[in-house]
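*Asks:* This is the structure I have questions about; it appears just below.
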Amino acid sequence: MSSSNFEQLSWHIGHDVEVVSYGKGGHIYNIAIECNDCGTVLLDFDNPENTYLEQKKGKETSVEKSKRAEKVHP
């Protein structure tokens, strides 16, 4: 569940928050801001280029792949 308003986001003040990417094989499918203290995704975005190209080719979308992808650490 992500934070969708001021109050929900305020619950994470003072928490350890991190920007992470999810991908596989050097390809980033999703970037998220996550609260490490709660294990909550505060905000995330799929890579729109990947989604467009995969849908055009009739392949699995990045949303589906990100569910199986590994967290990428810089």
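Chain labels run A, B, ... following the order of the structure tokens; each chain numbers its residues from 1, and ligands are numbered from 1 in the order shown.
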Excluding same-chain residues fewer than 2 positions from A:Ile33, what lies within 12 Å of it counting only C-alpha atoms, as a list in words?

*Replies:* Met1, Ser2, Ser3, Leu9, His12, Asp16, Val17, Glu18, Val19, Val20, Ser21, Tyr22, Asn30, Ile31, Cys35, Asn36, Gly39, Thr40, Val41, Leu42, Leu43, Asp44 and Phe45 of chain A

*Asks:* Could you take the residues named above and write them with N, CA and C atoms, as an mmCIF file, in the first residue's frame?

*Replies:*
data_model
loop_
_atom_site.group_PDB
_atom_site.id
_atom_site.type_symbol
_atom_site.label_atom_id
_atom_site.label_comp_id
_atom_site.auth_asym_id
_atom_site.auth_seq_id
_atom_site.Cartn_x
_atom_site.Cartn_y
_atom_site.Cartn_z
ATOM 1 N N MET A 1 0.847 -1.174 0.000
ATOM 2 C CA MET A 1 0.000 0.000 0.000
ATOM 3 C C MET A 1 0.891 1.235 0.000
ATOM 4 N N SER A 2 0.552 2.199 -0.812
ATOM 5 C CA SER A 2 1.341 3.422 -0.846
ATOM 6 C C SER A 2 0.607 4.541 -0.103
ATOM 7 N N SER A 3 1.359 5.560 0.230
ATOM 8 C CA SER A 3 0.769 6.730 0.887
ATOM 9 C C SER A 3 0.109 7.590 -0.176
ATOM 10 N N LEU A 9 1.415 9.984 4.606
ATOM 11 C CA LEU A 9 2.838 10.239 4.441
ATOM 12 C C LEU A 9 3.466 10.718 5.750
ATOM 13 N N HIS A 12 5.369 8.523 8.373
ATOM 14 C CA HIS A 12 6.735 8.062 8.120
ATOM 15 C C HIS A 12 7.793 9.114 8.438
ATOM 16 N N ASP A 16 13.462 5.637 8.290
ATOM 17 C CA ASP A 16 14.521 5.399 7.309
ATOM 18 C C ASP A 16 13.850 5.159 5.954
ATOM 19 N N VAL A 17 13.974 6.151 5.047
ATOM 20 C CA VAL A 17 13.329 6.101 3.735
ATOM 21 C C VAL A 17 14.406 5.998 2.667
ATOM 22 N N GLU A 18 14.140 5.209 1.623
ATOM 23 C CA GLU A 18 15.138 4.940 0.600
ATOM 24 C C GLU A 18 14.485 4.911 -0.786
ATOM 25 N N VAL A 19 15.223 5.393 -1.791
ATOM 26 C CA VAL A 19 14.795 5.262 -3.179
ATOM 27 C C VAL A 19 15.478 4.023 -3.737
ATOM 28 N N VAL A 20 14.684 3.088 -4.244
ATOM 29 C CA VAL A 20 15.224 1.827 -4.766
ATOM 30 C C VAL A 20 14.711 1.586 -6.175
ATOM 31 N N SER A 21 15.442 0.759 -6.904
ATOM 32 C CA SER A 21 15.000 0.372 -8.238
ATOM 33 C C SER A 21 14.868 -1.142 -8.286
ATOM 34 N N TYR A 22 13.952 -1.593 -9.121
ATOM 35 C CA TYR A 22 13.731 -3.013 -9.318
ATOM 36 C C TYR A 22 13.974 -3.345 -10.771
ATOM 37 N N ASN A 30 11.087 -0.599 -12.432
ATOM 38 C CA ASN A 30 10.308 0.170 -11.470
ATOM 39 C C ASN A 30 11.253 0.888 -10.517
ATOM 40 N N ILE A 31 10.879 2.099 -10.113
ATOM 41 C CA ILE A 31 11.599 2.850 -9.087
ATOM 42 C C ILE A 31 10.602 3.189 -7.988
ATOM 43 N N CYS A 35 9.733 2.904 2.791
ATOM 44 C CA CYS A 35 10.046 3.093 4.201
ATOM 45 C C CYS A 35 10.639 1.786 4.710
ATOM 46 N N ASN A 36 11.908 1.830 5.068
ATOM 47 C CA ASN A 36 12.576 0.628 5.553
ATOM 48 C C ASN A 36 12.101 0.222 6.946
ATOM 49 N N GLY A 39 8.433 -1.167 5.954
ATOM 50 C CA GLY A 39 8.321 -2.037 4.794
ATOM 51 C C GLY A 39 7.217 -1.585 3.844
ATOM 52 N N THR A 40 6.915 -0.275 3.846
ATOM 53 C CA THR A 40 5.838 0.266 3.036
ATOM 54 C C THR A 40 6.397 0.985 1.816
ATOM 55 N N VAL A 41 5.786 0.756 0.652
ATOM 56 C CA VAL A 41 6.118 1.528 -0.540
ATOM 57 C C VAL A 41 5.331 2.824 -0.456
ATOM 58 N N LEU A 42 6.042 3.940 -0.383
ATOM 59 C CA LEU A 42 5.389 5.235 -0.259
ATOM 60 C C LEU A 42 4.958 5.775 -1.617
ATOM 61 N N LEU A 43 5.745 5.484 -2.641
ATOM 62 C CA LEU A 43 5.467 5.970 -3.986
ATOM 63 C C LEU A 43 6.265 5.116 -4.952
ATOM 64 N N ASP A 44 5.693 4.756 -6.097
ATOM 65 C CA ASP A 44 6.466 4.020 -7.093
ATOM 66 C C ASP A 44 5.974 4.330 -8.495
ATOM 67 N N PHE A 45 6.896 4.177 -9.441
ATOM 68 C CA PHE A 45 6.598 4.403 -10.848
ATOM 69 C C PHE A 45 7.245 3.316 -11.685
#

*Asks:* What does the distance from atom CA of A:Ser10 to atom CA of A:Ala32 come to in Å, to one decimal?

*Replies:*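 About the pair atom CA of A:Ser10 and atom CA of A:Ala32: they are 17.4 Å apart.
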
*Asks:* Rounded to one decimal in Å, what is the spacing between atom CA of A:Phe6 and atom CA of A:Asn47?

*Replies:*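 Going from atom CA of A:Phe6 over to atom CA of A:Asn47 covers 25.2 Å.
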
*Asks:* From a DSSP pass on the backbone, collect the residues of stretch 3-38 of chain A flagged as strand (DSSP E) and hand them back as a ChimeraX atom specification.

*Replies:* /A:17-24,27-35

*Asks:* Grab the atom CA of A:Tyr29 to atom CA of A:Asn5 distance for me, in Å with one decimal place.

*Replies:* 24.9 Å
